[in-house]
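*Asks:* My questions all concern the structure below.
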Amino acid sequence: MTVGPAKLKTLYLILAIVGAIIPYAFFIQHFNESGFGIGRFVFNLFAFPASGGFTVDLVISSLVFWIAIFNRHSKGIGPRPWFFVTLNLGIGLSCALPAYLYVNESRQQSAAT
């Protein structure tokens, strides 16, 4: 299935917004129930083997994302990475990755015109 560049760009933007809202809904629920202590938050990330597995998977995926975006930027083919690293750390990979792809797609469209 092929998606045109404009539709793909829109899809990335929508996914970045959804990827910001949905995780924060869970984070807000956690902080309302447990308070804002970072220690309790990290403890809960690893409270069960399944949640620990998801957490480790996300950390490894984030590391791969950072390596990829810094590598692409060093070759001059991607946007500056620090904004996306900040998004990844502040919101999550579910926002940072589609946001990066949105900006990258925008740059490619600008370069093509």
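As shown in the structure tokens, the chain order sets the letters A, B, ...; within each chain, residues go from 1, and ligands are also counted from 1 in the order they appear.
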Which parts of segment 58-97 of chain A does DSSP call alpha helix (DSSP H) when run on the backbone here, written out as a PDB file with N, CA and C atoms, in the first residue's frame?

*Replies:*
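So states25.pdb came out as:
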ATOM      1  N   LEU A  58      11.063  -0.141  25.393  1.00  0.00           N
ATOM      2  CA  LEU A  58      10.958   1.276  25.046  1.00  0.00           C
ATOM      3  C   LEU A  58      12.301   1.991  25.192  1.00  0.00           C
ATOM      4  N   VAL A  59      13.049   1.671  26.232  1.00  0.00           N
ATOM      5  CA  VAL A  59      14.360   2.296  26.436  1.00  0.00           C
ATOM      6  C   VAL A  59      15.311   1.908  25.299  1.00  0.00           C
ATOM      7  N   ILE A  60      15.330   0.645  24.932  1.00  0.00           N
ATOM      8  CA  ILE A  60      16.202   0.200  23.837  1.00  0.00           C
ATOM      9  C   ILE A  60      15.764   0.833  22.519  1.00  0.00           C
ATOM     10  N   SER A  61      14.471   0.861  22.258  1.00  0.00           N
ATOM     11  CA  SER A  61      13.962   1.478  21.026  1.00  0.00           C
ATOM     12  C   SER A  61      14.297   2.964  20.976  1.00  0.00           C
ATOM     13  N   SER A  62      14.209   3.630  22.107  1.00  0.00           N
ATOM     14  CA  SER A  62      14.568   5.048  22.166  1.00  0.00           C
ATOM     15  C   SER A  62      16.041   5.256  21.869  1.00  0.00           C
ATOM     16  N   LEU A  63      16.886   4.412  22.425  1.00  0.00           N
ATOM     17  CA  LEU A  63      18.322   4.499  22.165  1.00  0.00           C
ATOM     18  C   LEU A  63      18.618   4.319  20.674  1.00  0.00           C
ATOM     19  N   VAL A  64      17.971   3.343  20.046  1.00  0.00           N
ATOM     20  CA  VAL A  64      18.149   3.121  18.609  1.00  0.00           C
ATOM     21  C   VAL A  64      17.671   4.341  17.830  1.00  0.00           C
ATOM     22  N   PHE A  65      16.546   4.916  18.226  1.00  0.00           N
ATOM     23  CA  PHE A  65      16.019   6.122  17.589  1.00  0.00           C
ATOM     24  C   PHE A  65      17.042   7.256  17.674  1.00  0.00           C
ATOM     25  N   TRP A  66      17.610   7.470  18.851  1.00  0.00           N
ATOM     26  CA  TRP A  66      18.600   8.541  19.017  1.00  0.00           C
ATOM     27  C   TRP A  66      19.814   8.314  18.132  1.00  0.00           C
ATOM     28  N   ILE A  67      20.325   7.092  18.120  1.00  0.00           N
ATOM     29  CA  ILE A  67      21.489   6.784  17.277  1.00  0.00           C
ATOM     30  C   ILE A  67      21.156   7.068  15.813  1.00  0.00           C
ATOM     31  N   ALA A  68      19.986   6.641  15.378  1.00  0.00           N
ATOM     32  CA  ALA A  68      19.585   6.831  13.978  1.00  0.00           C
ATOM     33  C   ALA A  68      19.444   8.303  13.624  1.00  0.00           C
ATOM     34  N   ILE A  69      18.806   9.099  14.488  1.00  0.00           N
ATOM     35  CA  ILE A  69      18.589  10.508  14.116  1.00  0.00           C
ATOM     36  C   ILE A  69      19.881  11.313  14.183  1.00  0.00           C
ATOM     37  N   PHE A  70      20.759  10.989  15.125  1.00  0.00           N
ATOM     38  CA  PHE A  70      22.056  11.679  15.153  1.00  0.00           C
ATOM     39  C   PHE A  70      22.899  11.274  13.947  1.00  0.00           C
ATOM     40  N   ASN A  71      22.851  10.020  13.572  1.00  0.00           N
ATOM     41  CA  ASN A  71      23.592   9.553  12.407  1.00  0.00           C
ATOM     42  C   ASN A  71      23.080  10.223  11.130  1.00  0.00           C
ATOM     43  N   ARG A  72      21.755  10.248  10.963  1.00  0.00           N
ATOM     44  CA  ARG A  72      21.167  10.889   9.771  1.00  0.00           C
ATOM     45  C   ARG A  72      21.538  12.376   9.722  1.00  0.00           C
ATOM     46  N   HIS A  73      21.467  13.051  10.879  1.00  0.00           N
ATOM     47  CA  HIS A  73      21.798  14.473  10.900  1.00  0.00           C
ATOM     48  C   HIS A  73      23.270  14.709  10.556  1.00  0.00           C
ATOM     49  N   SER A  74      24.132  13.838  11.035  1.00  0.00           N
ATOM     50  CA  SER A  74      25.567  13.997  10.741  1.00  0.00           C
ATOM     51  C   SER A  74      25.849  13.840   9.248  1.00  0.00           C
ATOM     52  N   TRP A  82      18.141  17.213  18.646  1.00  0.00           N
ATOM     53  CA  TRP A  82      17.920  17.473  20.070  1.00  0.00           C
ATOM     54  C   TRP A  82      16.467  17.725  20.434  1.00  0.00           C
ATOM     55  N   PHE A  83      15.707  18.363  19.567  1.00  0.00           N
ATOM     56  CA  PHE A  83      14.286  18.580  19.829  1.00  0.00           C
ATOM     57  C   PHE A  83      13.573  17.239  20.002  1.00  0.00           C
ATOM     58  N   PHE A  84      13.919  16.270  19.157  1.00  0.00           N
ATOM     59  CA  PHE A  84      13.253  14.973  19.181  1.00  0.00           C
ATOM     60  C   PHE A  84      13.703  14.117  20.363  1.00  0.00           C
ATOM     61  N   VAL A  85      14.957  14.285  20.777  1.00  0.00           N
ATOM     62  CA  VAL A  85      15.426  13.627  21.998  1.00  0.00           C
ATOM     63  C   VAL A  85      14.656  14.186  23.197  1.00  0.00           C
ATOM     64  N   THR A  86      14.454  15.496  23.213  1.00  0.00           N
ATOM     65  CA  THR A  86      13.692  16.134  24.287  1.00  0.00           C
ATOM     66  C   THR A  86      12.244  15.646  24.291  1.00  0.00           C
ATOM     67  N   LEU A  87      11.632  15.569  23.118  1.00  0.00           N
ATOM     68  CA  LEU A  87      10.277  15.010  23.031  1.00  0.00           C
ATOM     69  C   LEU A  87      10.251  13.580  23.552  1.00  0.00           C
ATOM     70  N   ASN A  88      11.237  12.792  23.180  1.00  0.00           N
ATOM     71  CA  ASN A  88      11.312  11.401  23.599  1.00  0.00           C
ATOM     72  C   ASN A  88      11.401  11.304  25.120  1.00  0.00           C
ATOM     73  N   LEU A  89      12.236  12.130  25.727  1.00  0.00           N
ATOM     74  CA  LEU A  89      12.406  12.090  27.174  1.00  0.00           C
ATOM     75  C   LEU A  89      11.226  12.708  27.917  1.00  0.00           C
ATOM     76  N   GLY A  90      10.632  13.752  27.341  1.00  0.00           N
ATOM     77  CA  GLY A  90       9.558  14.473  28.023  1.00  0.00           C
ATOM     78  C   GLY A  90       8.177  13.890  27.809  1.00  0.00           C
ATOM     79  N   LEU A  93       8.480   8.065  23.030  1.00  0.00           N
ATOM     80  CA  LEU A  93       8.808   7.684  21.662  1.00  0.00           C
ATOM     81  C   LEU A  93       7.579   7.735  20.762  1.00  0.00           C
ATOM     82  N   SER A  94       6.405   7.477  21.340  1.00  0.00           N
ATOM     83  CA  SER A  94       5.173   7.484  20.548  1.00  0.00           C
ATOM     84  C   SER A  94       4.853   8.867  20.000  1.00  0.00           C
ATOM     85  N   CYS A  95       5.424   9.907  20.562  1.00  0.00           N
ATOM     86  CA  CYS A  95       5.296  11.268  20.039  1.00  0.00           C
ATOM     87  C   CYS A  95       6.531  11.648  19.227  1.00  0.00           C
ATOM     88  N   ALA A  96       7.709  11.339  19.761  1.00  0.00           N
ATOM     89  CA  ALA A  96       8.959  11.783  19.142  1.00  0.00           C
ATOM     90  C   ALA A  96       9.196  11.178  17.760  1.00  0.00           C
ATOM     91  N   LEU A  97       8.930   9.891  17.608  1.00  0.00           N
ATOM     92  CA  LEU A  97       9.179   9.236  16.318  1.00  0.00           C
ATOM     93  C   LEU A  97       8.278   9.789  15.212  1.00  0.00           C
TER      94      LEU A  97
END

*Asks:* Determine, counting only C-alpha atoms, which protein, DNA and RNA residues have an atom within 9 Å of an atom of Leu11 of chain A; residues of the same chain fewer than 4 positions away are not included. Present the result as a list in words.

*Replies:*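 Residues meeting the cut-off are Ala6, Lys7, Leu15, Ala16, Pro98 and Tyr102 of chain A.
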
*Asks:* Would you compute the distance between atom CA of Arg40 of chain A and atom CA of Ile21 of chain A? Give it in Å to one decimal.

*Replies:*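 Value for the atom CA of Arg40 of chain A-atom CA of Ile21 of chain A distance: 21.9 Å.
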
*Asks:* Calculated over only C-alpha atoms, which of the candidates A:Ala20, A:Ala112, A:Val103, A:Gly92 has the smallest distance to Pro79 of chain A?

*Replies:*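 Nearest to Pro79 of chain A: A:Val103.
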
*Asks:* Using only C-alpha atoms for the distances, tell me which of A:Gly53, A:Ser106, A:Ile91, A:Gly76 is nearest to Ile22 of chain A.

*Replies:* A:Ile91

*Asks:* A:His30, A:Lys75, A:Thr55, A:Ala99: which is nearest Ile17 of chain A, counting only C-alpha atoms?

*Replies:*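 Nearest candidate to Ile17 of chain A out of A:His30, A:Lys75, A:Thr55, A:Ala99: A:Ala99.
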
*Asks:* Can you pull out the residues contacting Val42 of chain A? Cut-off 12 Å, using only C-alpha atoms, and skip same-chain residues under 6 positions away; I want them as a JSON list (two decimals) with all heavy atoms, in the first residue's frame.

*Replies:*
[["chain", "number", "residue", "atom", "x", "y", "z"],
["A", 27, "PHE", "N", -0.01, 8.83, 32.46],
["A", 27, "PHE", "CA", 0.89, 9.45, 33.42],
["A", 27, "PHE", "C", 0.12, 10.29, 34.44],
["A", 27, "PHE", "O", 0.40, 10.25, 35.64],
["A", 27, "PHE", "CB", 1.93, 10.34, 32.72],
["A", 27, "PHE", "CG", 2.90, 9.58, 31.86],
["A", 27, "PHE", "CD1", 3.48, 10.20, 30.76],
["A", 27, "PHE", "CD2", 3.25, 8.27, 32.12],
["A", 27, "PHE", "CE1", 4.38, 9.52, 29.95],
["A", 27, "PHE", "CE2", 4.15, 7.58, 31.32],
["A", 27, "PHE", "CZ", 4.72, 8.22, 30.24],
["A", 30, "HIS", "N", -1.49, 8.05, 36.90],
["A", 30, "HIS", "CA", -0.48, 7.55, 37.86],
["A", 30, "HIS", "C", -0.14, 8.61, 38.90],
["A", 30, "HIS", "O", -0.14, 8.32, 40.10],
["A", 30, "HIS", "CB", 0.78, 7.11, 37.12],
["A", 30, "HIS", "CG", 1.93, 6.91, 38.05],
["A", 30, "HIS", "ND1", 2.08, 5.78, 38.83],
["A", 30, "HIS", "CD2", 2.98, 7.72, 38.37],
["A", 30, "HIS", "CE1", 3.17, 5.89, 39.58],
["A", 30, "HIS", "NE2", 3.72, 7.06, 39.31],
["A", 31, "PHE", "N", 0.16, 9.82, 38.46],
["A", 31, "PHE", "CA", 0.58, 10.87, 39.39],
["A", 31, "PHE", "C", -0.56, 11.29, 40.31],
["A", 31, "PHE", "O", -0.32, 11.64, 41.47],
["A", 31, "PHE", "CB", 1.17, 12.05, 38.63],
["A", 31, "PHE", "CG", 2.50, 11.75, 37.99],
["A", 31, "PHE", "CD1", 2.72, 12.02, 36.65],
["A", 31, "PHE", "CD2", 3.53, 11.17, 38.71],
["A", 31, "PHE", "CE1", 3.94, 11.73, 36.05],
["A", 31, "PHE", "CE2", 4.76, 10.87, 38.13],
["A", 31, "PHE", "CZ", 4.96, 11.15, 36.79],
["A", 34, "SER", "N", -0.50, 8.24, 42.81],
["A", 34, "SER", "CA", 0.73, 7.94, 43.54],
["A", 34, "SER", "C", 1.57, 9.15, 43.91],
["A", 34, "SER", "O", 2.60, 9.00, 44.56],
["A", 34, "SER", "CB", 1.60, 6.99, 42.70],
["A", 34, "SER", "OG", 0.91, 5.81, 42.43],
["A", 36, "PHE", "N", 3.90, 12.70, 42.80],
["A", 36, "PHE", "CA", 4.88, 13.03, 41.77],
["A", 36, "PHE", "C", 6.28, 12.49, 42.04],
["A", 36, "PHE", "O", 7.23, 12.90, 41.41],
["A", 36, "PHE", "CB", 4.96, 14.55, 41.58],
["A", 36, "PHE", "CG", 3.77, 15.10, 40.87],
["A", 36, "PHE", "CD1", 2.71, 15.65, 41.58],
["A", 36, "PHE", "CD2", 3.69, 15.05, 39.49],
["A", 36, "PHE", "CE1", 1.60, 16.14, 40.92],
["A", 36, "PHE", "CE2", 2.59, 15.53, 38.82],
["A", 36, "PHE", "CZ", 1.54, 16.08, 39.54],
["A", 48, "PHE", "N", 5.92, -5.27, 37.55],
["A", 48, "PHE", "CA", 5.55, -6.59, 37.04],
["A", 48, "PHE", "C", 6.48, -6.93, 35.88],
["A", 48, "PHE", "O", 6.94, -6.04, 35.18],
["A", 48, "PHE", "CB", 4.10, -6.60, 36.57],
["A", 48, "PHE", "CG", 3.12, -6.22, 37.65],
["A", 48, "PHE", "CD1", 2.61, -4.94, 37.72],
["A", 48, "PHE", "CD2", 2.75, -7.15, 38.61],
["A", 48, "PHE", "CE1", 1.72, -4.59, 38.71],
["A", 48, "PHE", "CE2", 1.85, -6.80, 39.61],
["A", 48, "PHE", "CZ", 1.33, -5.52, 39.67],
["A", 51, "SER", "N", 5.35, -5.26, 32.58],
["A", 51, "SER", "CA", 5.60, -3.81, 32.48],
["A", 51, "SER", "C", 7.10, -3.53, 32.40],
["A", 51, "SER", "O", 7.52, -2.61, 31.69],
["A", 51, "SER", "CB", 4.96, -3.06, 33.65],
["A", 51, "SER", "OG", 5.50, -3.49, 34.88],
["A", 52, "GLY", "N", 7.92, -4.33, 33.09],
["A", 52, "GLY", "CA", 9.37, -4.19, 32.98],
["A", 52, "GLY", "C", 9.85, -4.49, 31.57],
["A", 52, "GLY", "O", 10.72, -3.80, 31.03],
["A", 55, "THR", "N", 8.97, -1.59, 29.42],
["A", 55, "THR", "CA", 9.84, -0.45, 29.74],
["A", 55, "THR", "C", 11.21, -0.61, 29.11],
["A", 55, "THR", "O", 11.74, 0.32, 28.48],
["A", 55, "THR", "CB", 9.97, -0.30, 31.27],
["A", 55, "THR", "OG1", 8.66, -0.06, 31.82],
["A", 55, "THR", "CG2", 10.90, 0.82, 31.65],
["A", 56, "VAL", "N", 11.81, -1.79, 29.26],
["A", 56, "VAL", "CA", 13.13, -2.04, 28.67],
["A", 56, "VAL", "C", 13.06, -1.96, 27.14],
["A", 56, "VAL", "O", 13.96, -1.40, 26.50],
["A", 56, "VAL", "CB", 13.69, -3.39, 29.16],
["A", 56, "VAL", "CG1", 14.93, -3.79, 28.41],
["A", 56, "VAL", "CG2", 13.97, -3.33, 30.65]]

*Asks:* Counting only C-alpha atoms, which of A:Asp57, A:Gly35, A:Lys9, A:Thr2 gets nearest to Gln108 of chain A?

*Replies:*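 Of A:Asp57, A:Gly35, A:Lys9, A:Thr2, the one nearest Gln108 of chain A, counting only C-alpha atoms, is A:Lys9.
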